[in-house]
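*Asks:* Structure supplied as upload.cif; contents: mmCIF, C-alpha atoms and all ligand atoms.
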```cif
data_coords
#
loop_
_atom_site.label_atom_id
_atom_site.label_comp_id
_atom_site.auth_asym_id
_atom_site.auth_seq_id
_atom_site.Cartn_x
_atom_site.Cartn_y
_atom_site.Cartn_z
CA MET A 1 2.03 7.96 -13.82
CA ILE A 2 -1.68 7.55 -14.44
CA ARG A 3 -2.94 6.39 -17.82
CA ILE A 4 -6.69 6.79 -18.38
CA TYR A 5 -8.58 4.51 -20.77
CA ARG A 6 -11.96 6.07 -21.54
CA VAL A 7 -14.52 3.56 -22.78
CA ASP A 8 -18.19 3.73 -23.74
CA SER A 9 -19.79 1.11 -21.57
CA TYR A 10 -19.48 -1.26 -18.64
CA ASP A 11 -18.87 -4.16 -21.06
CA GLU A 12 -16.05 -2.32 -22.79
CA MET A 13 -14.55 -1.43 -19.40
CA SER A 14 -14.64 -5.11 -18.47
CA ARG A 15 -12.98 -6.14 -21.73
CA ARG A 16 -10.20 -3.54 -21.56
CA ALA A 17 -9.52 -4.40 -17.93
CA ALA A 18 -9.54 -8.13 -18.73
CA ASN A 19 -6.95 -7.44 -21.45
CA ILE A 20 -4.65 -5.80 -18.90
CA VAL A 21 -5.02 -8.64 -16.39
CA SER A 22 -4.59 -11.22 -19.18
CA ALA A 23 -1.40 -9.53 -20.37
CA GLN A 24 -0.05 -9.65 -16.82
CA VAL A 25 -0.80 -13.37 -16.49
CA ILE A 26 0.62 -14.20 -19.92
CA MET A 27 3.82 -12.18 -19.42
CA LYS A 28 4.39 -13.53 -15.89
CA PRO A 29 2.54 -16.83 -15.38
CA ASP A 30 3.53 -16.97 -11.69
CA CYS A 31 2.42 -13.41 -10.95
CA VAL A 32 0.65 -12.19 -7.81
CA LEU A 33 -2.71 -10.57 -8.52
CA GLY A 34 -4.33 -8.29 -5.94
CA LEU A 35 -8.11 -8.65 -6.27
CA ALA A 36 -11.20 -6.65 -5.33
CA THR A 37 -14.85 -7.54 -4.80
CA GLY A 38 -17.92 -5.39 -5.51
CA SER A 39 -20.09 -5.00 -8.58
CA THR A 40 -17.54 -3.28 -10.84
CA PRO A 41 -15.15 -6.24 -11.44
CA GLN A 42 -17.85 -8.88 -12.02
CA GLY A 43 -17.77 -8.49 -15.81
CA LEU A 44 -13.98 -8.58 -15.82
CA TYR A 45 -13.99 -11.80 -13.77
CA ARG A 46 -16.53 -13.36 -16.16
CA LEU A 47 -14.21 -12.63 -19.09
CA LEU A 48 -11.16 -14.04 -17.31
CA ALA A 49 -13.15 -17.23 -16.66
CA GLU A 50 -14.18 -17.44 -20.34
CA ARG A 51 -10.60 -16.95 -21.51
CA CYS A 52 -9.37 -19.61 -19.10
CA ARG A 53 -12.03 -22.07 -20.29
CA ALA A 54 -11.04 -21.34 -23.89
CA GLY A 55 -7.43 -22.22 -23.05
CA ASP A 56 -6.14 -18.68 -23.59
CA LEU A 57 -5.26 -18.03 -19.95
CA ASP A 58 -3.62 -20.29 -17.40
CA PHE A 59 -3.86 -19.52 -13.67
CA ALA A 60 -2.04 -22.67 -12.49
CA GLU A 61 0.91 -20.70 -11.12
CA VAL A 62 -0.89 -17.45 -10.26
CA CYS A 63 -1.34 -16.38 -6.63
CA THR A 64 -4.04 -13.98 -5.49
CA VAL A 65 -4.44 -11.70 -2.47
CA ASN A 66 -7.70 -9.89 -1.86
CA LEU A 67 -8.03 -6.38 -0.52
CA ASP A 68 -10.48 -7.04 2.25
CA GLU A 69 -12.87 -9.31 4.17
CA TYR A 70 -15.61 -8.80 6.76
CA GLN A 71 -14.74 -9.71 10.33
CA GLY A 72 -17.05 -12.32 11.82
CA LEU A 73 -18.23 -13.98 8.60
CA SER A 74 -17.25 -17.54 7.77
CA PRO A 75 -15.83 -18.31 4.31
CA GLU A 76 -19.13 -20.06 3.53
CA ASP A 77 -21.32 -17.10 4.46
CA GLY A 78 -23.23 -15.80 1.45
CA GLN A 79 -21.93 -12.28 2.12
CA SER A 80 -18.27 -13.10 2.75
CA TYR A 81 -15.77 -11.90 0.22
CA ARG A 82 -14.23 -15.40 0.11
CA ARG A 83 -17.59 -16.67 -1.10
CA TYR A 84 -17.89 -13.81 -3.62
CA MET A 85 -14.45 -14.66 -5.02
CA ARG A 86 -15.27 -18.35 -5.23
CA GLU A 87 -18.50 -17.70 -7.09
CA ASN A 88 -17.24 -14.93 -9.35
CA LEU A 89 -13.77 -16.24 -10.20
CA PHE A 90 -12.06 -18.99 -8.24
CA GLU A 91 -14.36 -21.89 -9.13
CA HIS A 92 -14.30 -20.92 -12.82
CA VAL A 93 -10.53 -20.84 -13.37
CA ASN A 94 -7.63 -23.18 -12.62
CA LEU A 95 -6.29 -21.23 -9.63
CA ARG A 96 -5.00 -23.57 -6.92
CA PRO A 97 -7.12 -23.02 -3.79
CA GLU A 98 -3.97 -22.79 -1.64
CA ASN A 99 -2.75 -19.91 -3.84
CA THR A 100 -5.81 -17.73 -3.08
CA HIS A 101 -5.55 -15.51 -0.02
CA LEU A 102 -8.03 -13.34 1.88
CA PRO A 103 -8.01 -12.17 5.48
CA ASP A 104 -9.70 -14.78 7.72
CA GLY A 105 -12.97 -13.26 8.94
CA LEU A 106 -13.13 -15.78 11.79
CA ALA A 107 -9.62 -15.23 13.17
CA ALA A 108 -9.74 -15.03 16.97
CA ASP A 109 -6.97 -12.46 17.29
CA ALA A 110 -7.38 -9.48 14.96
CA ALA A 111 -3.88 -8.09 15.45
CA ALA A 112 -2.35 -11.50 14.75
CA GLU A 113 -4.53 -11.86 11.66
CA CYS A 114 -3.35 -8.49 10.30
CA ALA A 115 0.28 -9.51 10.90
CA ARG A 116 -0.33 -12.88 9.24
CA TYR A 117 -1.87 -11.24 6.17
CA ASN A 118 1.00 -8.75 5.84
CA ALA A 119 3.40 -11.69 6.04
CA VAL A 120 1.47 -13.55 3.33
CA ILE A 121 1.80 -10.58 0.95
CA ALA A 122 5.48 -10.11 1.78
CA GLY A 123 6.14 -13.85 1.47
CA LEU A 124 4.73 -13.83 -2.07
CA GLY A 125 7.19 -11.10 -2.98
CA GLY A 126 4.59 -8.34 -3.16
CA ILE A 127 1.77 -7.72 -5.62
CA ASP A 128 2.42 -7.46 -9.37
CA LEU A 129 -0.97 -6.03 -10.35
CA GLN A 130 -3.53 -4.70 -7.87
CA LEU A 131 -7.10 -4.38 -9.07
CA LEU A 132 -9.12 -1.62 -7.39
CA GLY A 133 -12.65 -0.30 -7.46
CA VAL A 134 -13.42 3.05 -5.92
CA GLY A 135 -16.20 3.96 -3.50
CA ASN A 136 -18.29 7.03 -4.27
CA ASN A 137 -16.64 8.61 -1.19
CA GLY A 138 -13.21 7.80 -2.66
CA HIS A 139 -12.45 4.76 -0.53
CA ILE A 140 -10.14 2.02 -1.82
CA GLY A 141 -10.37 -1.35 -0.13
CA PHE A 142 -12.05 -0.45 3.16
CA ASN A 143 -9.76 2.56 3.59
CA GLU A 144 -12.49 5.08 4.29
CA PRO A 145 -12.01 8.86 4.33
CA GLY A 146 -10.09 9.72 7.48
CA ALA A 147 -7.41 11.68 9.15
CA ALA A 148 -4.45 9.56 8.06
CA PHE A 149 -3.33 7.01 5.49
CA GLU A 150 -3.05 3.67 7.31
CA ASN A 151 -0.19 1.69 5.87
CA GLU A 152 -0.66 -1.98 6.51
CA THR A 153 -3.51 -4.45 6.88
CA HIS A 154 -5.76 -3.28 9.69
CA LEU A 155 -9.22 -3.76 11.15
CA VAL A 156 -11.66 -0.93 10.40
CA ALA A 157 -14.93 -0.06 12.07
CA LEU A 158 -17.38 0.33 9.20
CA THR A 159 -19.10 3.69 9.04
CA GLU A 160 -22.75 3.78 10.05
CA SER A 161 -23.72 4.55 6.44
CA THR A 162 -21.79 1.50 5.15
CA VAL A 163 -23.43 -0.72 7.80
CA GLN A 164 -26.86 0.60 6.81
CA ALA A 165 -26.12 0.16 3.11
CA ASN A 166 -25.11 -3.47 3.76
CA ALA A 167 -28.16 -4.22 5.91
CA ARG A 168 -30.24 -5.16 2.87
CA PHE A 169 -28.05 -8.23 2.32
CA PHE A 170 -28.68 -9.65 5.81
CA LYS A 171 -31.72 -11.17 7.56
CA SER A 172 -31.45 -9.00 10.67
CA PRO A 173 -29.51 -5.83 11.58
CA ASP A 174 -27.54 -7.81 14.20
CA GLU A 175 -25.98 -9.94 11.47
CA VAL A 176 -24.51 -6.99 9.56
CA PRO A 177 -20.73 -6.94 10.13
CA LYS A 178 -19.49 -3.86 11.95
CA HIS A 179 -15.80 -4.41 11.21
CA ALA A 180 -13.68 -5.49 8.28
CA TYR A 181 -10.05 -6.29 7.56
CA THR A 182 -8.46 -4.29 4.79
CA MET A 183 -5.08 -3.93 3.21
CA GLY A 184 -3.70 -0.51 4.05
CA ILE A 185 -2.74 2.26 1.68
CA GLY A 186 0.91 1.22 2.01
CA SER A 187 0.17 -2.37 0.97
CA ILE A 188 -1.77 -1.09 -2.05
CA MET A 189 0.85 1.48 -3.04
CA ARG A 190 3.65 -1.10 -2.96
CA ALA A 191 1.93 -3.06 -5.75
CA ARG A 192 4.09 -2.79 -8.87
CA ARG A 193 1.10 -1.87 -11.05
CA ILE A 194 -2.42 -0.74 -10.26
CA LEU A 195 -5.57 -1.18 -12.35
CA LEU A 196 -8.54 0.88 -11.21
CA VAL A 197 -11.93 0.17 -12.77
CA ALA A 198 -14.92 2.50 -12.48
CA SER A 199 -18.34 2.63 -14.08
CA GLY A 200 -21.35 4.87 -13.69
CA ALA A 201 -22.20 8.45 -12.84
CA ASP A 202 -22.10 7.91 -9.09
CA LYS A 203 -18.30 7.47 -9.34
CA ALA A 204 -17.72 10.64 -11.37
CA ASP A 205 -17.05 12.99 -8.49
CA ALA A 206 -14.77 10.65 -6.53
CA LEU A 207 -12.82 9.72 -9.66
CA TYR A 208 -12.24 13.32 -10.67
CA ARG A 209 -11.17 14.35 -7.18
CA ALA A 210 -8.96 11.25 -6.88
CA LEU A 211 -7.01 12.05 -10.02
CA HIS A 212 -7.09 15.87 -10.01
CA GLY A 213 -7.70 16.97 -6.45
CA PRO A 214 -5.26 17.40 -3.59
CA ILE A 215 -3.66 14.22 -2.24
CA THR A 216 -5.41 13.74 1.08
CA PRO A 217 -6.72 10.96 3.37
CA VAL A 218 -10.09 12.72 3.06
CA LEU A 219 -10.21 11.10 -0.39
CA PRO A 220 -8.12 7.91 -0.03
CA ALA A 221 -7.94 7.18 -3.79
CA SER A 222 -6.09 10.49 -4.31
CA VAL A 223 -2.94 8.76 -3.02
CA LEU A 224 -2.78 6.94 -6.38
CA GLN A 225 -1.39 10.15 -7.89
CA LEU A 226 1.86 9.22 -6.13
CA HIS A 227 2.08 5.76 -7.74
CA GLY A 228 4.33 5.26 -10.76
CA ASP A 229 2.12 2.92 -12.80
CA VAL A 230 -1.66 3.25 -12.62
CA ALA A 231 -4.11 2.32 -15.38
CA VAL A 232 -7.65 3.67 -14.95
CA VAL A 233 -10.28 1.99 -17.12
CA ALA A 234 -13.54 3.88 -16.79
CA ASP A 235 -16.67 4.52 -18.79
CA ARG A 236 -17.84 7.93 -19.96
CA ALA A 237 -20.31 8.29 -17.10
CA ALA A 238 -17.56 7.77 -14.52
CA LEU A 239 -15.29 10.20 -16.41
CA ALA A 240 -18.03 12.80 -16.89
CA ARG A 241 -16.08 15.50 -15.05
CA PHE A 242 -12.95 15.00 -17.15
CA PRO A 243 -12.56 17.06 -20.33
CA GLU A 244 -13.21 14.97 -23.48
CA ALA A 245 -9.95 13.52 -24.85
C1 LIG B 1 -14.01 -4.31 -2.64
C2 LIG B 1 -13.48 -3.03 -2.18
C3 LIG B 1 -14.22 -1.74 -2.35
C4 LIG B 1 -14.91 -1.60 -3.71
C5 LIG B 1 -15.64 -0.26 -3.82
C6 LIG B 1 -16.44 -0.15 -5.12
O1 LIG B 1 -13.13 -5.37 -2.33
O2 LIG B 1 -12.43 -3.04 -1.62
O3 LIG B 1 -13.33 -0.68 -2.16
O4 LIG B 1 -13.96 -1.72 -4.74
O5 LIG B 1 -16.53 -0.12 -2.75
O6 LIG B 1 -17.46 -1.10 -5.09
P1 LIG B 1 -18.40 -1.37 -6.35
O7 LIG B 1 -17.53 -1.98 -7.41
O8 LIG B 1 -19.44 -2.33 -5.86
O9 LIG B 1 -18.94 -0.05 -6.78
#
```
Would you mind writing the file out in structure tokens?
*Replies:*
Amino acid sequence: MIRIYRVDSYDEMSRRAANIVSAQVIMKPDCVLGLATGSTPQGLYRLLAERCRAGDLDFAEVCTVNLDEYQGLSPEDGQSYRRYMRENLFEHVNLRPENTHLPDGLAADAAAECARYNAVIAGLGGIDLQLLGVGNNGHIGFNEPGAAFENETHLVALTESTVQANARFFKSPDEVPKHAYTMGIGSIMRARRILLVASGADKADALYRALHGPITPVLPASVLQLHGDVAVVADRAALARFPEA
């Protein structure tokens, strides 16, 4: 089932999403949160940090698993997702460092790293609440439009357009990662609950097709129609193609 929360602004999206994550943490203090990077969740992470500082949220027993990480970047690299998570959330809340998990961008053996990450998720008992953003081509994690839904953690070759879009963050084109690890569609779909956040007009088409179009790997987010518990928190611009409630 998909429940859509239509809000007016990015800030309201962040607040409503933070309420859902907070409720999860309060109801199950030792829950497993699946986390995303990108610009959409930054406001939500800021609010979680504020609530933790105020004493309203406690992450001491929470574990986290992130969706994805670039291959070849060290955890310290300014563009790594580990670094993003540290700066946007981890260093502002009382999560134990050993309870935060991302794929290891520097792993020597990619297949072994994928197996290790799958085992980490399974060992934690699965994901209670998975946070997702959506790409304007409908990707979730780094599951890009393709011919099939890939189930488990795997290494993806980034599309030329993604590599070019990322180039602005790096000093030279050679430094731009060409591959990334991502949880698969199966790992995401096994999460007990899913929270998808979206903001802005450039998400409107993907969001509409994800929730109303055919279920197809051509638009990876469309698979969410098959999940039993999805909350979508999105602003009016992102929901522009949906009829007004
Ligand atoms: C990030 C991730 C991506 C983003 C998506 C939206 O870990 O897996 O799928 O959620 O690209 O990114 P933003 O929020 O920057 O629009």
*Asks:* Taking all atoms listed in the file into account, which residues are within 8 Å of ligand LIG 1 (chain B), as a ChimeraX atom specification?
*Replies:* /A:35-41,66-69,81,132-136,139-143,182,198-199,203
*Asks:* Taking into account only C-alpha atoms, which residue in the set A:Phe242, A:Phe149, A:Tyr181, A:Phe170 is nearest to Leu219 in chain A?
*Replies:*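 Looking at the shortest contact to Leu219 in chain A, the residue is A:Phe149.
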*Asks:* In Å, how far is it from CA of Ile20 in chain A to CA of His154 in chain A?
*Replies:* 28.7 Å
*Asks:* Taking into account only C-alpha atoms, which residue in the set A:Pro214, A:Leu239, A:Val176, A:Leu106 is nearest to Val197 in chain A?
*Replies:*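 The shortest atom-to-atom distance to Val197 in chain A comes from A:Leu239.
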*Asks:* Write out as a list in words the residues lying within 10 Å of Arg116 in chain A, counting all atoms listed in the file and excluding same-chain residues fewer than 4 positions away.
*Replies:* Pro103, Asp104, Ala110, Ala111, Ala112, Val120, Ile121, Ala122 and Thr153 of chain A
*Asks:* Please write the residues from the selection above to a file, keeping C-alpha atoms, as a short mmCIF file (atom, residue, chain, number, x, y, z; two decimals), in the coordinates of the input.
*Replies:*
```cif
data_model
loop_
_atom_site.label_atom_id
_atom_site.label_comp_id
_atom_site.auth_asym_id
_atom_site.auth_seq_id
_atom_site.Cartn_x
_atom_site.Cartn_y
_atom_site.Cartn_z
CA PRO A 103 -8.01 -12.17 5.48
CA ASP A 104 -9.70 -14.78 7.72
CA ALA A 110 -7.38 -9.48 14.96
CA ALA A 111 -3.88 -8.09 15.45
CA ALA A 112 -2.35 -11.50 14.75
CA VAL A 120 1.47 -13.55 3.33
CA ILE A 121 1.80 -10.58 0.95
CA ALA A 122 5.48 -10.11 1.78
CA THR A 153 -3.51 -4.45 6.88
#
```
*Asks:* Between CA of Met85 in chain A and CA of Gln42 in chain A, what is the distance, to one decimal in Å?
*Replies:*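 Computing it gives 9.7 Å between the two atoms.
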*Asks:* Using only C-alpha atoms, can you tell me which of A:Ala180, A:Leu47, A:Val32, A:Val156 comes closest to Ala17 in chain A?
*Replies:* A:Leu47
*Asks:* Using CA of Val62 in chain A and CA of Glu150 in chain A as the two end points, give the distance in Å to one decimal.
*Replies:* 27.6 Å
*Asks:* I'd like the contact shell of Arg53 in chain A - 9 Å cut-off, all atoms listed in the file, skipping same-chain residues fewer than 5 positions apart - returned as JSON, numbers by chain.
*Replies:* {"A": [48, 92, 93, 94]}
*Asks:* Quick one: of A:Thr162, A:Ser14, A:Ser172, A:Asn99, who's nearest to Val232 in chain A, counting only C-alpha atoms?
*Replies:*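 Nearest candidate to Val232 in chain A out of A:Thr162, A:Ser14, A:Ser172, A:Asn99: A:Ser14.
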*Asks:* Residues near Asp58 in chain A, anyone? I mean within 9 Å using only C-alpha atoms, not counting same-chain ones fewer than 6 positions away, as a list in words.
*Replies:*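 That gives Val25, Ile26, Pro29, Arg51, Cys52, Val93, Asn94 and Leu95 of chain A.
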*Asks:* With all atoms listed in the file as the atoms that count, which of A:Ala237, A:Glu50, A:Asn118, A:Ile2 lies nearest to Val223 in chain A?
*Replies:*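 Once distances to Val223 in chain A are computed over all atoms listed in the file, the minimum belongs to A:Ile2.
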*Asks:* Given the point (-0.5, -13.5, -6.5) in the file's coordinates, find the residues that have an atom at most 9 Å from it, counting all atoms listed in the file, and give them as a list in words.
*Replies:*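 Residues lying no farther than 9 Å from the given point: Asp30, Cys31, Val32, Leu33, Gly34, Glu61, Val62, Cys63, Thr64, Val65, Asn99, Thr100, His101, Ile121, Leu124, Gly125, Gly126, Ile127, Asp128 and Leu129 of chain A.
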*Asks:* Using only C-alpha atoms, which of the listed residues (A:Asn88, A:Asn19, A:Gln71, A:Gln79) sits closest to Arg46 in chain A?
*Replies:*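 Smallest separation from Arg46 in chain A among the options: A:Asn88.
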*Asks:* Need to verify the contact set: Ser80 in chain A, 9 Å, all atoms listed in the file, exclusion of same-chain residues closer than 4 positions in sequence. Can you return it as a PyMOL selection string?
*Replies:* chain A and resi 69-70+73-76+84-85+105
*Asks:* Please provide as a ChimeraX atom specification all residues within 12 Å of Gly228 in chain A, with the sequence filter that same-chain residues fewer than 4 positions apart are discarded (counting all atoms listed in the file).
*Replies:* /A:1-3,189-195,223-224
*Asks:* For the residues in that selection, give me C-alpha atoms as a PDB file, in the frame of the given file.
*Replies:*
```pdb
ATOM      1  CA  MET A   1       2.030   7.960 -13.820  1.00  0.00           C
ATOM      2  CA  ILE A   2      -1.680   7.550 -14.440  1.00  0.00           C
ATOM      3  CA  ARG A   3      -2.940   6.390 -17.820  1.00  0.00           C
ATOM      4  CA  MET A 189       0.850   1.480  -3.040  1.00  0.00           C
ATOM      5  CA  ARG A 190       3.650  -1.100  -2.960  1.00  0.00           C
ATOM      6  CA  ALA A 191       1.930  -3.060  -5.750  1.00  0.00           C
ATOM      7  CA  ARG A 192       4.090  -2.790  -8.870  1.00  0.00           C
ATOM      8  CA  ARG A 193       1.100  -1.870 -11.050  1.00  0.00           C
ATOM      9  CA  ILE A 194      -2.420  -0.740 -10.260  1.00  0.00           C
ATOM     10  CA  LEU A 195      -5.570  -1.180 -12.350  1.00  0.00           C
ATOM     11  CA  VAL A 223      -2.940   8.760  -3.020  1.00  0.00           C
ATOM     12  CA  LEU A 224      -2.780   6.940  -6.380  1.00  0.00           C
TER      13      LEU A 224
END
```
*Asks:* Rebuild range 74-100 of chain A to N, CA, C and O atoms - output it as a compact mmCIF listing (two decimals), keeping the file's coordinate frame, please.
*Replies:*
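Generated file (selection-v7.txt):
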```txt
# COMPACT_ATOMS: atom_id res chain seq x y z
N SER A 74 -18.00 -16.35 8.15
CA SER A 74 -17.25 -17.54 7.77
C SER A 74 -17.05 -17.51 6.25
O SER A 74 -17.79 -16.84 5.53
N PRO A 75 -16.07 -18.27 5.76
CA PRO A 75 -15.83 -18.31 4.31
C PRO A 75 -17.06 -18.77 3.53
O PRO A 75 -17.23 -18.43 2.37
N GLU A 76 -17.93 -19.55 4.20
CA GLU A 76 -19.13 -20.06 3.53
C GLU A 76 -20.27 -19.06 3.51
O GLU A 76 -21.23 -19.22 2.75
N ASP A 77 -20.22 -18.06 4.36
CA ASP A 77 -21.32 -17.10 4.46
C ASP A 77 -21.58 -16.46 3.10
O ASP A 77 -20.64 -16.08 2.39
N GLY A 78 -22.85 -16.35 2.76
CA GLY A 78 -23.23 -15.80 1.45
C GLY A 78 -22.72 -14.39 1.21
O GLY A 78 -22.61 -13.95 0.07
N GLN A 79 -22.40 -13.66 2.28
CA GLN A 79 -21.93 -12.28 2.12
C GLN A 79 -20.42 -12.14 2.28
O GLN A 79 -19.89 -11.03 2.19
N SER A 80 -19.72 -13.25 2.56
CA SER A 80 -18.27 -13.10 2.75
C SER A 80 -17.60 -12.86 1.40
O SER A 80 -18.09 -13.28 0.34
N TYR A 81 -16.49 -12.19 1.46
CA TYR A 81 -15.77 -11.90 0.22
C TYR A 81 -15.10 -13.17 -0.32
O TYR A 81 -14.90 -13.31 -1.52
N ARG A 82 -14.76 -14.11 0.57
CA ARG A 82 -14.23 -15.40 0.11
C ARG A 82 -15.27 -16.09 -0.77
O ARG A 82 -14.97 -16.62 -1.83
N ARG A 83 -16.52 -16.05 -0.32
CA ARG A 83 -17.59 -16.67 -1.10
C ARG A 83 -17.80 -15.94 -2.44
O ARG A 83 -17.97 -16.57 -3.49
N TYR A 84 -17.77 -14.60 -2.38
CA TYR A 84 -17.89 -13.81 -3.62
C TYR A 84 -16.80 -14.22 -4.60
O TYR A 84 -17.06 -14.43 -5.79
N MET A 85 -15.56 -14.33 -4.12
CA MET A 85 -14.45 -14.66 -5.02
C MET A 85 -14.61 -16.06 -5.59
O MET A 85 -14.31 -16.29 -6.76
N ARG A 86 -15.08 -16.99 -4.73
CA ARG A 86 -15.27 -18.35 -5.23
C ARG A 86 -16.30 -18.34 -6.35
O ARG A 86 -16.08 -18.91 -7.42
N GLU A 87 -17.42 -17.66 -6.11
CA GLU A 87 -18.50 -17.70 -7.09
C GLU A 87 -18.20 -16.90 -8.35
O GLU A 87 -18.63 -17.25 -9.44
N ASN A 88 -17.48 -15.79 -8.19
CA ASN A 88 -17.24 -14.93 -9.35
C ASN A 88 -15.99 -15.30 -10.14
O ASN A 88 -15.90 -15.00 -11.33
N LEU A 89 -15.01 -15.94 -9.47
CA LEU A 89 -13.77 -16.24 -10.20
C LEU A 89 -13.17 -17.60 -9.87
O LEU A 89 -12.96 -18.42 -10.78
N PHE A 90 -12.91 -17.85 -8.58
CA PHE A 90 -12.06 -18.99 -8.24
C PHE A 90 -12.57 -20.32 -8.78
O PHE A 90 -11.78 -21.13 -9.29
N GLU A 91 -13.89 -20.57 -8.70
CA GLU A 91 -14.36 -21.89 -9.13
C GLU A 91 -14.49 -22.00 -10.66
O GLU A 91 -14.81 -23.04 -11.17
N HIS A 92 -14.19 -20.89 -11.36
CA HIS A 92 -14.30 -20.92 -12.82
C HIS A 92 -12.95 -20.94 -13.53
O HIS A 92 -12.90 -20.95 -14.75
N VAL A 93 -11.86 -20.84 -12.76
CA VAL A 93 -10.53 -20.84 -13.37
C VAL A 93 -9.65 -21.87 -12.66
O VAL A 93 -10.05 -22.40 -11.61
N ASN A 94 -8.47 -22.13 -13.21
CA ASN A 94 -7.63 -23.18 -12.62
C ASN A 94 -6.64 -22.62 -11.59
O ASN A 94 -5.48 -23.05 -11.55
N LEU A 95 -7.10 -21.67 -10.77
CA LEU A 95 -6.29 -21.23 -9.63
C LEU A 95 -6.22 -22.37 -8.62
O LEU A 95 -7.24 -23.04 -8.39
N ARG A 96 -5.06 -22.58 -8.01
CA ARG A 96 -5.00 -23.57 -6.92
C ARG A 96 -5.57 -22.93 -5.66
O ARG A 96 -5.16 -21.82 -5.30
N PRO A 97 -6.49 -23.61 -4.98
CA PRO A 97 -7.12 -23.02 -3.79
C PRO A 97 -6.09 -22.49 -2.79
O PRO A 97 -6.28 -21.43 -2.19
N GLU A 98 -4.97 -23.22 -2.63
CA GLU A 98 -3.97 -22.79 -1.64
C GLU A 98 -3.22 -21.53 -2.09
O GLU A 98 -2.49 -20.92 -1.31
N ASN A 99 -3.40 -21.13 -3.35
CA ASN A 99 -2.75 -19.91 -3.84
C ASN A 99 -3.66 -18.69 -3.76
O ASN A 99 -3.31 -17.61 -4.23
N THR A 100 -4.87 -18.86 -3.19
CA THR A 100 -5.81 -17.73 -3.08
C THR A 100 -5.87 -17.29 -1.62
O THR A 100 -6.08 -18.11 -0.73
```
